[in-house]
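*Asks:* mmCIF, C-alpha atoms, saved as structure14.cif, coming up:
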```cif
data_model
loop_
_atom_site.label_atom_id
_atom_site.label_comp_id
_atom_site.auth_asym_id
_atom_site.auth_seq_id
_atom_site.Cartn_x
_atom_site.Cartn_y
_atom_site.Cartn_z
CA MET A 1 34.79 2.74 33.41
CA ASN A 2 31.93 5.10 34.30
CA HIS A 3 28.58 3.29 34.17
CA ARG A 4 26.49 6.32 35.09
CA LEU A 5 24.78 8.54 32.56
CA PRO A 6 25.98 12.16 32.60
CA PHE A 7 23.70 14.87 33.96
CA ARG A 8 23.07 16.32 30.50
CA THR A 9 21.28 13.07 29.55
CA TYR A 10 18.53 13.92 32.03
CA LEU A 11 18.32 17.46 30.66
CA TYR A 12 17.81 15.99 27.19
CA PHE A 13 15.14 13.73 28.68
CA LEU A 14 13.29 16.83 29.93
CA ALA A 15 13.87 18.66 26.64
CA GLN A 16 12.40 15.69 24.76
CA SER A 17 9.42 15.76 27.13
CA VAL A 18 8.80 19.35 26.00
CA ASN A 19 9.14 18.32 22.36
CA LEU A 20 6.69 15.44 22.68
CA THR A 21 4.28 17.54 24.76
CA THR A 22 3.92 19.93 21.82
CA ALA A 23 3.39 16.93 19.51
CA VAL A 24 0.70 15.42 21.78
CA MET A 25 -1.07 18.76 22.11
CA SER A 26 -1.01 19.36 18.36
CA VAL A 27 -2.40 15.94 17.47
CA THR A 28 -5.17 16.47 20.03
CA MET A 29 -6.36 19.83 18.76
CA ALA A 30 -5.11 20.33 15.18
CA ALA A 31 -7.98 18.59 13.40
CA LEU A 32 -10.63 20.18 15.63
CA VAL A 33 -9.28 23.70 15.18
CA GLY A 34 -8.67 23.04 11.49
CA ALA A 35 -12.27 21.93 11.04
CA ALA A 36 -13.50 25.13 12.74
CA LEU A 37 -11.37 27.44 10.57
CA ALA A 38 -11.11 25.60 7.23
CA PRO A 39 -13.09 26.96 4.27
CA GLU A 40 -13.97 23.38 3.28
CA PRO A 41 -14.28 20.26 5.48
CA TRP A 42 -11.67 18.31 3.49
CA MET A 43 -9.08 20.99 4.35
CA SER A 44 -9.34 20.49 8.11
CA THR A 45 -6.22 18.29 8.37
CA ILE A 46 -4.05 20.48 6.12
CA PRO A 47 -2.42 22.35 9.07
CA TYR A 48 -1.40 19.06 10.70
CA GLY A 49 -0.20 17.75 7.35
CA PHE A 50 2.03 20.79 6.93
CA GLN A 51 3.47 20.15 10.38
CA PHE A 52 4.68 16.72 9.23
CA LEU A 53 5.80 18.16 5.90
CA PHE A 54 8.05 20.71 7.60
CA VAL A 55 9.48 18.09 9.94
CA MET A 56 10.46 16.19 6.80
CA ILE A 57 11.82 19.24 4.97
CA MET A 58 13.83 20.59 7.89
CA THR A 59 15.32 17.40 9.36
CA TYR A 60 18.41 17.23 7.17
CA PRO A 61 19.08 21.01 7.23
CA ALA A 62 18.85 20.79 11.03
CA SER A 63 21.54 18.12 11.09
CA ARG A 64 23.79 20.19 8.83
CA LEU A 65 23.39 23.22 11.08
CA MET A 66 24.33 21.07 14.07
CA SER A 67 27.44 19.98 12.17
CA ALA A 68 28.35 23.61 11.59
CA ILE A 69 27.57 25.28 14.93
CA GLY A 70 27.01 22.42 17.38
CA ARG A 71 24.02 20.89 19.13
CA LYS A 72 23.50 23.46 21.87
CA LYS A 73 23.28 26.55 19.66
CA SER A 74 21.00 24.69 17.24
CA PHE A 75 18.61 23.63 20.00
CA LEU A 76 18.56 27.17 21.37
CA LEU A 77 17.73 28.57 17.92
CA ALA A 78 14.93 26.01 17.56
CA THR A 79 13.04 27.60 20.45
CA ILE A 80 12.35 30.61 18.18
CA PRO A 81 10.02 28.79 15.74
CA LEU A 82 8.33 27.09 18.72
CA ALA A 83 7.54 30.44 20.32
CA ALA A 84 6.50 31.86 16.94
CA SER A 85 4.21 28.87 16.45
CA GLY A 86 2.49 29.69 19.73
CA VAL A 87 1.95 33.32 18.76
CA ALA A 88 0.76 32.45 15.25
CA GLY A 89 -1.58 29.73 16.52
CA PHE A 90 -3.08 32.01 19.16
CA LEU A 91 -3.74 34.78 16.62
CA ALA A 92 -5.08 32.29 14.06
CA VAL A 93 -7.71 30.97 16.47
CA GLU A 94 -8.63 34.36 17.91
CA ARG A 95 -9.02 35.95 14.48
CA GLY A 96 -10.29 32.90 12.58
CA LEU A 97 -7.41 32.83 10.09
CA PHE A 98 -6.97 29.38 8.56
CA LEU A 99 -3.81 30.27 6.60
CA LEU A 100 -2.14 31.55 9.75
CA LEU A 101 -3.01 28.24 11.43
CA VAL A 102 -1.14 26.45 8.63
CA VAL A 103 1.82 28.74 9.31
CA ALA A 104 1.65 27.96 13.03
CA HIS A 105 1.83 24.19 12.49
CA SER A 106 4.57 24.61 9.89
CA LEU A 107 6.65 26.52 12.46
CA LEU A 108 5.97 23.79 15.01
CA GLY A 109 7.24 21.24 12.49
CA ILE A 110 10.52 23.18 12.18
CA TYR A 111 11.00 23.04 15.96
CA ILE A 112 10.19 19.32 16.13
CA ALA A 113 12.70 18.59 13.34
CA PHE A 114 15.46 20.03 15.54
CA ALA A 115 14.21 18.63 18.85
CA ASN A 116 14.00 15.08 17.50
CA PHE A 117 17.82 15.05 17.64
CA ASN A 118 17.72 15.10 21.45
CA ARG A 119 18.12 11.32 21.53
CA PHE A 120 21.32 11.45 19.46
CA ALA A 121 22.69 14.47 21.33
CA ALA A 122 22.42 12.43 24.53
CA THR A 123 24.90 9.90 23.12
CA ASP A 124 27.64 12.43 22.33
CA GLY A 125 30.82 11.88 24.30
CA ILE A 126 29.71 8.79 26.26
CA SER A 127 30.93 5.21 26.05
CA ALA A 128 29.36 2.82 23.56
CA ASP A 129 27.82 0.62 26.28
CA LEU A 130 25.89 3.61 27.69
CA LYS A 131 24.48 4.86 24.38
CA PRO A 132 21.44 2.53 24.19
CA ARG A 133 20.50 3.54 27.76
CA ALA A 134 20.85 7.24 26.90
CA ILE A 135 18.68 6.92 23.78
CA SER A 136 15.97 4.92 25.56
CA LEU A 137 15.88 7.36 28.50
CA VAL A 138 15.43 10.36 26.20
CA VAL A 139 12.68 8.58 24.23
CA ALA A 140 10.99 7.88 27.59
CA GLY A 141 10.26 11.60 27.73
CA GLY A 142 7.08 10.60 25.93
CA VAL A 143 5.70 9.27 29.21
CA LEU A 144 5.75 12.76 30.73
CA ALA A 145 4.34 14.15 27.49
CA ALA A 146 1.47 11.65 27.57
CA ILE A 147 0.50 13.09 30.96
CA ILE A 148 1.34 16.78 30.54
CA GLY A 149 0.03 17.22 26.97
CA PRO A 150 -3.60 16.15 27.60
CA LEU A 151 -3.56 17.94 30.97
CA LEU A 152 -2.54 21.26 29.40
CA THR A 153 -4.97 20.85 26.51
CA SER A 154 -7.98 20.06 28.69
CA ASN A 155 -7.25 22.84 31.22
CA LEU A 156 -6.49 25.52 28.62
CA LYS A 157 -9.09 24.59 25.98
CA ASP A 158 -11.74 26.98 27.33
CA PHE A 159 -9.60 29.54 29.12
CA GLY A 160 -11.37 32.72 30.21
CA SER A 161 -13.08 34.58 27.40
CA LEU A 162 -10.65 33.35 24.74
CA GLN A 163 -11.67 31.26 21.75
CA ALA A 164 -11.47 27.50 22.26
CA PHE A 165 -7.88 26.19 22.05
CA SER A 166 -6.24 29.61 21.56
CA ALA A 167 -4.65 29.41 25.03
CA CYS A 168 -3.34 25.95 24.15
CA TYR A 169 -1.34 27.46 21.30
CA ALA A 170 -0.20 30.29 23.57
CA ALA A 171 1.22 27.62 25.90
CA PHE A 172 3.80 26.83 23.21
CA VAL A 173 5.49 30.14 24.10
CA GLY A 174 5.88 28.97 27.70
CA LEU A 175 7.16 25.59 26.53
CA ALA A 176 9.70 27.40 24.32
CA VAL A 177 10.98 29.22 27.41
CA VAL A 178 11.28 25.91 29.29
CA SER A 179 13.19 24.39 26.36
CA LEU A 180 15.46 27.43 26.21
CA VAL A 181 16.33 27.21 29.91
CA LEU A 182 16.98 23.46 29.76
CA ASN A 183 19.34 23.82 26.81
CA LEU A 184 21.15 26.72 28.44
CA PHE A 185 22.11 24.37 31.27
CA VAL A 186 23.39 21.67 28.91
CA THR A 187 27.16 21.34 28.74
CA GLU A 188 27.95 20.16 25.24
CA ALA A 189 30.09 17.03 25.26
CA VAL A 190 32.55 18.06 22.55
CA ALA A 191 32.88 20.67 19.84
CA HIS A 192 31.25 18.81 17.01
CA PRO A 193 33.73 17.18 14.62
CA GLY A 194 33.72 17.32 10.89
CA GLN A 195 34.12 21.06 10.33
CA ALA A 196 37.70 20.81 9.11
CA SER A 197 37.01 18.71 6.03
CA SER A 198 35.62 20.19 2.86
CA SER A 199 31.96 19.90 1.96
CA ALA A 200 32.76 17.87 -1.16
CA ASN A 201 34.93 15.46 0.84
CA ARG A 202 32.21 15.01 3.49
CA ASN A 203 29.64 14.22 0.78
CA VAL A 204 31.94 11.55 -0.66
CA GLN A 205 32.41 10.08 2.82
CA VAL A 206 28.65 9.99 3.42
CA ARG A 207 28.12 8.07 0.17
CA VAL A 208 30.76 5.59 1.26
CA VAL A 209 29.19 5.18 4.71
CA LEU A 210 25.71 4.67 3.23
CA LYS A 211 27.08 1.66 1.32
CA ASN A 212 27.41 0.04 4.73
CA LYS A 213 24.47 -2.35 5.03
CA VAL A 214 24.30 -1.99 8.81
CA ILE A 215 23.70 1.76 8.51
CA VAL A 216 21.08 1.24 5.79
CA LEU A 217 19.42 -1.38 7.98
CA ALA A 218 19.43 0.93 11.02
CA ILE A 219 17.67 3.64 9.01
CA ALA A 220 15.18 1.15 7.56
CA ILE A 221 14.31 -0.33 10.96
CA ALA A 222 13.45 3.03 12.54
CA ALA A 223 11.75 4.44 9.43
CA VAL A 224 9.56 1.42 8.60
CA GLY A 225 8.68 0.95 12.26
CA TYR A 226 7.57 4.60 12.52
CA GLY A 227 5.62 4.51 9.27
CA VAL A 228 3.76 1.29 10.13
CA MET A 229 3.00 2.58 13.64
CA ASN A 230 1.59 5.88 12.36
CA LEU A 231 -0.46 4.16 9.65
CA LEU A 232 -2.05 1.52 11.87
CA MET A 233 -2.54 3.81 14.88
CA ILE A 234 -4.51 6.38 12.89
CA GLN A 235 -6.39 3.78 10.86
CA ALA A 236 -7.26 1.80 14.00
CA SER A 237 -9.07 4.79 15.47
CA MET A 238 -10.95 5.24 12.17
CA HIS A 239 -11.78 1.53 12.06
CA MET A 240 -13.10 1.59 15.64
CA SER A 241 -15.23 4.63 14.80
CA ASN A 242 -16.66 2.75 11.83
CA MET A 243 -17.48 -0.07 14.27
CA HIS A 244 -19.39 2.53 16.36
CA VAL A 245 -17.05 2.17 19.33
CA HIS A 246 -17.66 5.04 21.78
CA PHE A 247 -15.16 7.89 21.52
CA SER A 248 -14.06 7.47 25.15
CA ASP A 249 -13.22 3.81 24.46
CA VAL A 250 -11.29 4.75 21.32
CA SER A 251 -9.36 7.34 23.35
CA ALA A 252 -8.60 4.78 26.06
CA ALA A 253 -7.20 2.33 23.50
CA ILE A 254 -5.01 5.04 21.97
CA GLN A 255 -3.78 6.08 25.45
CA TRP A 256 -2.68 2.50 26.19
CA HIS A 257 -0.95 2.49 22.81
CA VAL A 258 0.94 5.72 23.61
CA LEU A 259 2.03 4.38 27.00
CA ALA A 260 3.23 1.19 25.29
CA MET A 261 5.25 3.37 22.91
CA PHE A 262 7.14 5.33 25.55
CA ALA A 263 6.99 3.64 28.97
CA PRO A 264 9.27 0.70 27.96
CA SER A 265 12.02 3.21 27.18
CA PHE A 266 12.89 3.32 30.87
CA VAL A 267 14.16 -0.27 30.47
CA THR A 268 14.81 -0.73 26.73
CA GLY A 269 18.44 0.37 27.11
CA PHE A 270 19.00 -2.18 29.88
CA LEU A 271 17.29 -4.87 27.77
CA ILE A 272 19.65 -4.09 24.89
CA GLN A 273 22.63 -4.49 27.22
CA ARG A 274 21.21 -7.70 28.70
CA LEU A 275 19.72 -9.44 25.64
CA GLY A 276 21.65 -7.82 22.80
CA LEU A 277 20.71 -5.23 20.20
CA ARG A 278 19.87 -7.84 17.56
CA THR A 279 17.33 -9.53 19.86
CA ILE A 280 15.54 -6.24 20.58
CA ILE A 281 15.40 -5.33 16.89
CA PHE A 282 14.01 -8.73 15.87
CA SER A 283 11.51 -8.58 18.76
CA GLY A 284 10.33 -5.14 17.61
CA VAL A 285 9.67 -6.27 14.05
CA VAL A 286 7.92 -9.44 15.28
CA LEU A 287 5.67 -7.32 17.54
CA LEU A 288 4.69 -5.18 14.54
CA LEU A 289 3.86 -8.35 12.63
CA ALA A 290 1.87 -9.68 15.58
CA SER A 291 -0.12 -6.44 15.78
CA SER A 292 -1.27 -6.79 12.17
CA ALA A 293 -1.96 -10.50 12.62
CA VAL A 294 -4.25 -9.79 15.59
CA ASN A 295 -6.03 -7.07 13.59
CA ILE A 296 -6.76 -9.53 10.79
CA ALA A 297 -7.74 -12.39 13.10
CA SER A 298 -10.26 -10.46 15.19
CA HIS A 299 -12.11 -7.16 14.90
CA ASP A 300 -13.50 -6.84 18.42
CA TYR A 301 -12.51 -3.98 20.71
CA LEU A 302 -10.36 -6.06 23.09
CA ALA A 303 -8.33 -7.52 20.22
CA LEU A 304 -7.84 -4.06 18.68
CA SER A 305 -6.67 -2.71 22.05
CA ILE A 306 -4.18 -5.57 22.42
CA SER A 307 -2.91 -5.04 18.88
CA LEU A 308 -2.37 -1.32 19.60
CA ILE A 309 -0.31 -2.20 22.68
CA ALA A 310 1.78 -4.62 20.60
CA LEU A 311 2.11 -1.87 17.96
CA GLY A 312 3.41 0.58 20.56
CA LEU A 313 5.93 -1.92 21.94
CA GLY A 314 7.07 -2.80 18.41
CA TRP A 315 7.58 0.89 17.63
CA ASN A 316 9.62 1.37 20.80
CA PHE A 317 11.94 -1.56 20.08
CA THR A 318 12.44 -0.62 16.41
CA TYR A 319 12.86 3.13 17.08
CA VAL A 320 15.26 2.75 20.00
CA GLY A 321 16.91 -0.33 18.49
CA GLY A 322 17.41 1.30 15.11
CA SER A 323 18.80 4.47 16.71
CA ALA A 324 21.18 2.44 18.89
CA LEU A 325 22.33 0.38 15.89
CA LEU A 326 23.04 3.58 13.98
CA THR A 327 25.15 5.08 16.79
CA GLU A 328 27.06 1.79 17.08
CA ALA A 329 27.68 1.66 13.33
CA LEU A 330 29.02 5.24 13.39
CA GLU A 331 31.28 4.65 16.38
CA ASP A 332 34.40 4.68 14.16
CA SER A 333 33.18 7.61 12.01
CA PRO A 334 32.37 10.40 14.51
CA GLU A 335 32.98 13.10 11.91
CA LEU A 336 29.99 11.80 9.94
CA SER A 337 27.61 11.09 12.81
CA VAL A 338 25.41 14.19 12.71
CA LYS A 339 25.16 14.14 8.91
CA VAL A 340 24.12 10.48 8.79
CA GLN A 341 21.78 11.01 11.76
CA GLY A 342 20.13 13.69 9.63
CA LEU A 343 19.63 11.24 6.77
CA ASN A 344 18.24 8.76 9.29
CA ASP A 345 15.69 11.20 10.70
CA PHE A 346 14.79 12.37 7.19
CA GLY A 347 13.94 8.77 6.32
CA ILE A 348 11.88 8.47 9.50
CA SER A 349 10.01 11.71 8.81
CA VAL A 350 9.22 10.62 5.22
CA MET A 351 7.71 7.35 6.45
CA ALA A 352 5.91 9.09 9.33
CA THR A 353 4.43 11.61 6.89
CA LEU A 354 3.26 8.84 4.57
CA GLY A 355 1.83 7.02 7.58
CA ALA A 356 -0.08 10.15 8.57
CA PHE A 357 -1.51 10.98 5.15
CA ALA A 358 -2.26 7.45 3.87
CA PRO A 359 -4.72 5.90 6.41
CA ALA A 360 -7.98 7.28 4.96
CA PHE A 361 -6.94 6.52 1.38
CA LEU A 362 -5.77 2.97 2.20
CA LEU A 363 -8.85 2.24 4.31
CA THR A 364 -10.99 3.13 1.28
CA TRP A 365 -8.78 1.40 -1.28
CA LEU A 366 -7.49 -1.72 0.53
CA GLY A 367 -9.73 -1.88 3.57
CA TRP A 368 -8.67 -2.69 7.14
CA ASN A 369 -7.47 -6.23 6.41
CA GLY A 370 -5.72 -5.16 3.21
CA THR A 371 -3.79 -2.43 5.01
CA ASN A 372 -2.68 -4.87 7.70
CA LEU A 373 -1.57 -7.38 5.05
CA MET A 374 0.47 -4.63 3.38
CA SER A 375 2.05 -3.74 6.73
CA MET A 376 2.87 -7.39 7.35
CA GLY A 377 4.56 -7.54 3.95
CA LEU A 378 6.74 -4.52 4.79
CA CYS A 379 7.67 -6.00 8.16
CA LEU A 380 8.50 -9.41 6.67
CA VAL A 381 10.86 -7.75 4.17
CA LEU A 382 12.45 -5.82 7.05
CA LEU A 383 12.81 -9.01 9.10
CA VAL A 384 14.53 -10.85 6.23
CA PHE A 385 16.83 -7.85 5.63
CA SER A 386 17.70 -7.73 9.34
CA ALA A 387 18.50 -11.44 9.42
CA ALA A 388 20.62 -11.16 6.27
CA VAL A 389 22.66 -8.20 7.55
CA LEU A 390 23.05 -9.10 11.21
CA GLY A 391 22.94 -12.87 10.86
CA ARG A 392 24.59 -14.60 13.78
CA ARG A 393 27.13 -11.85 14.27
CA SER A 394 26.90 -9.07 16.80
CA PRO A 395 26.03 -5.67 15.30
CA ALA A 396 29.49 -4.41 16.17
CA SER A 397 31.19 -7.15 14.16
CA ALA A 398 28.79 -6.57 11.28
CA VAL A 399 29.87 -2.98 10.88
#
```
What would the structure in this file look like if it were written as structure tokens?

*Replies:*
Amino acid sequence: MNHRLPFRTYLYFLAQSVNLTTAVMSVTMAALVGAALAPEPWMSTIPYGFQFLFVMIMTYPASRLMSAIGRKKSFLLATIPLAASGVAGFLAVERGLFLLLVVAHSLLGIYIAFANFNRFAATDGISADLKPRAISLVVAGGVLAAIIGPLLTSNLKDFGSLQAFSACYAAFVGLAVVSLVLNLFVTEAVAHPGQASSSANRNVQVRVVLKNKVIVLAIAIAAVGYGVMNLLMIQASMHMSNMHVHFSDVSAAIQWHVLAMFAPSFVTGFLIQRLGLRTIIFSGVVLLLASSAVNIASHDYLALSISLIALGLGWNFTYVGGSALLTEALEDSPELSVKVQGLNDFGISVMATLGAFAPAFLLTWLGWNGTNLMSMGLCLVLLVFSAAVLGRRSPASAV
């Protein structure tokens, strides 16, 4: 048996680095540029909101297109909205057009919806024991993005005589070219199955598969983990600002959080093989619970920084663990894999969008402690559900 990951896995790792670099750059500059161009201050985050909205809208259509024409062609097509986003963003900043900025971030959301499937594409055609390693390696592309994204943004922010940040958007065109080249070199594992059956029959099969509690659990683990992470990460920075923590210290805490999100992915796959998928999933949910518990117990900067690290680790274990559980559950239904993966990522994008829009509202309505108690409630429900579905059996036997 071959225990080495195929070369295309490393290409997907680089492609995911490009994807996450655009995400890091956008979260760094979207609100600042939005505030400069928006007619009203409250509208400054609308462009970034539309980015998440279009990730949500386009995730399932992206999976259906991959079912129809394959991964490679779909990823190549996705470079078009990325390049268009760069052009639109550049023109929006240079000409002071807020609506065009909304269009730019919407186009970026379309690209991200496709590129988020890199982690599943890396599992196509490889043995079941290698799939957790492939997923975790691709997710680890965030480590490169955490370095490259801020580097590009800081160096291009005030480029020549251009308006601030316009060159950052223009860089998306270059990143689109890099993504195009990487995907051209990918050798697709297999012609994607599922095209022979009728659409009506496939829809019936999907409904049957979604009655499988392991698949529902896999989707819930990744989606709730992502939503809780987004909610607490954004609200933590707001809470620290309300505590009058210096911006550089807030940024440092968020950087440690981002590293905790992605750096473990270099070993998460090995940990799954060594400790078992169930152990990693339970550990991820417990880390999310611990993050909220620390937030409630102490409000000083050190405690908040520790909780953000625990939050990042919890996200990594639930995101990679949930994705690995899904691929394992679909091992005997390859004709449905891309379609169900689309439902999975749609669920994730819905929760991520809620987690992005809700922090300010919940901080006002429930407060910091109230939001953390709500997050703990969600995680406790998820933990009970995980224990009920997986129990003492291995995930494979639970399917």

*Asks:* For the PyMOL selection byres ((chain A and resi 12) around 9), applied here, can you spell out every residue it catches as an MDAnalysis selection string?

*Replies:* chainID A and resid 8:11 13:17 118:119 121:122 137:138 141 182:183 186

*Asks:* Distance cut-off 12 Å, centre (8.6, 21.8, 18.1) in file coordinates, counting all atoms listed in the file: which residues qualify? Return them as number ranges by chain.

*Replies:* A: 15-26, 51-52, 54-55, 58-59, 75-86, 104-118, 169, 172-173, 175-176, 179

*Asks:* Apply the PyMOL selection byres ((chain A and resi 259) around 10) to the displayed file and report the matching residues as a ChimeraX atom specification.

*Replies:* /A:140,142-144,146-147,254-258,260-264,309,312-313

*Asks:* Using the chain letters and numbers from this file, what does the PyMOL selection byres ((chain A and resi 130-132) around 12) select? Give the answer as a PyMOL selection string.

*Replies:* chain A and resi 1-6+9+119-129+133-139+265-274+276-277+280+317+319-331

*Asks:* Using Å and a single decimal, report how far atom CA of A:Phe90 sits from atom CA of A:Ala167.

*Replies:*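 Between atom CA of A:Ala167 and atom CA of A:Phe90 the gap is 6.6 Å.
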
*Asks:* Which residue out of A:Val228, A:Val33, A:Cys379, A:Ala164 has the minimum interatomic distance to A:Ser283 when all atoms listed in the file are used?

*Replies:*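 Using all atoms listed in the file, A:Ser283 sits closest to A:Cys379.
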
*Asks:* Would you mind reading off the distance between atom CA of A:Leu373 and atom CA of A:Phe282, one decimal, in Å?

*Replies:* 19.0 Å

*Asks:* Mind giving me the straight-line distance from atom CA of A:Ala68 to atom CA of A:Leu343 in Å, one decimal?

*Replies:*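 Distance between the two atoms: 15.9 Å.
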
*Asks:* Which residue out of A:Thr279, A:Ser237, A:Ser154, A:Asn344 has the minimum interatomic distance to A:Leu304 when all atoms listed in the file are used?

*Replies:*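 So, comparing all the options, the nearest one is A:Ser237.
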
*Asks:* Using all atoms listed in the file, pick whichever of A:Gln235, A:Asn242, A:Asn316, A:Ser305 has the shortest atom-to-atom distance to A:Ala358.

*Replies:*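 So, comparing all the options, the nearest one is A:Gln235.
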
*Asks:* In terms of the shortest atom-to-atom distance over all atoms listed in the file, which of A:Phe98, A:Phe165, A:Ser241, A:Asp158 is closest to A:Met43?

*Replies:*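 For A:Met43, the nearest of the candidates is A:Phe98.
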
*Asks:* Which residues are close to A:Gly225, i.e. within 10 Å by only C-alpha atoms, leaving aside same-chain residues fewer than 4 positions away? Reply as a ChimeraX atom specification.

*Replies:* /A:219-221,229-230,284-285,288,311-312,314-319,322,348,351-352,375,378-379,382

*Asks:* Mind checking which residues fall within 7 Å of A:Thr353, counting all atoms listed in the file, ignoring those fewer than 3 positions away in the same chain, and posting them as a list of chain:residue names?

*Replies:*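 Counting only the stated atoms, we get A:Phe52, A:Leu53, A:Ser349, A:Val350, A:Ala356, A:Phe357.
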
*Asks:* When distances are computed from only C-alpha atoms, which of A:Gly370, A:Leu99, A:Ala387, A:Val340 shows the smallest separation from A:Val216?

*Replies:*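 Closest to A:Val216 of all the choices is A:Val340.
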
*Asks:* Point out the residue among A:Lys339, A:His246, A:His239, A:His299 with the least atom-to-atom distance to A:Pro359, counting only C-alpha atoms.

*Replies:*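 Among the listed residues, the smallest separation from A:Pro359 belongs to A:His239.
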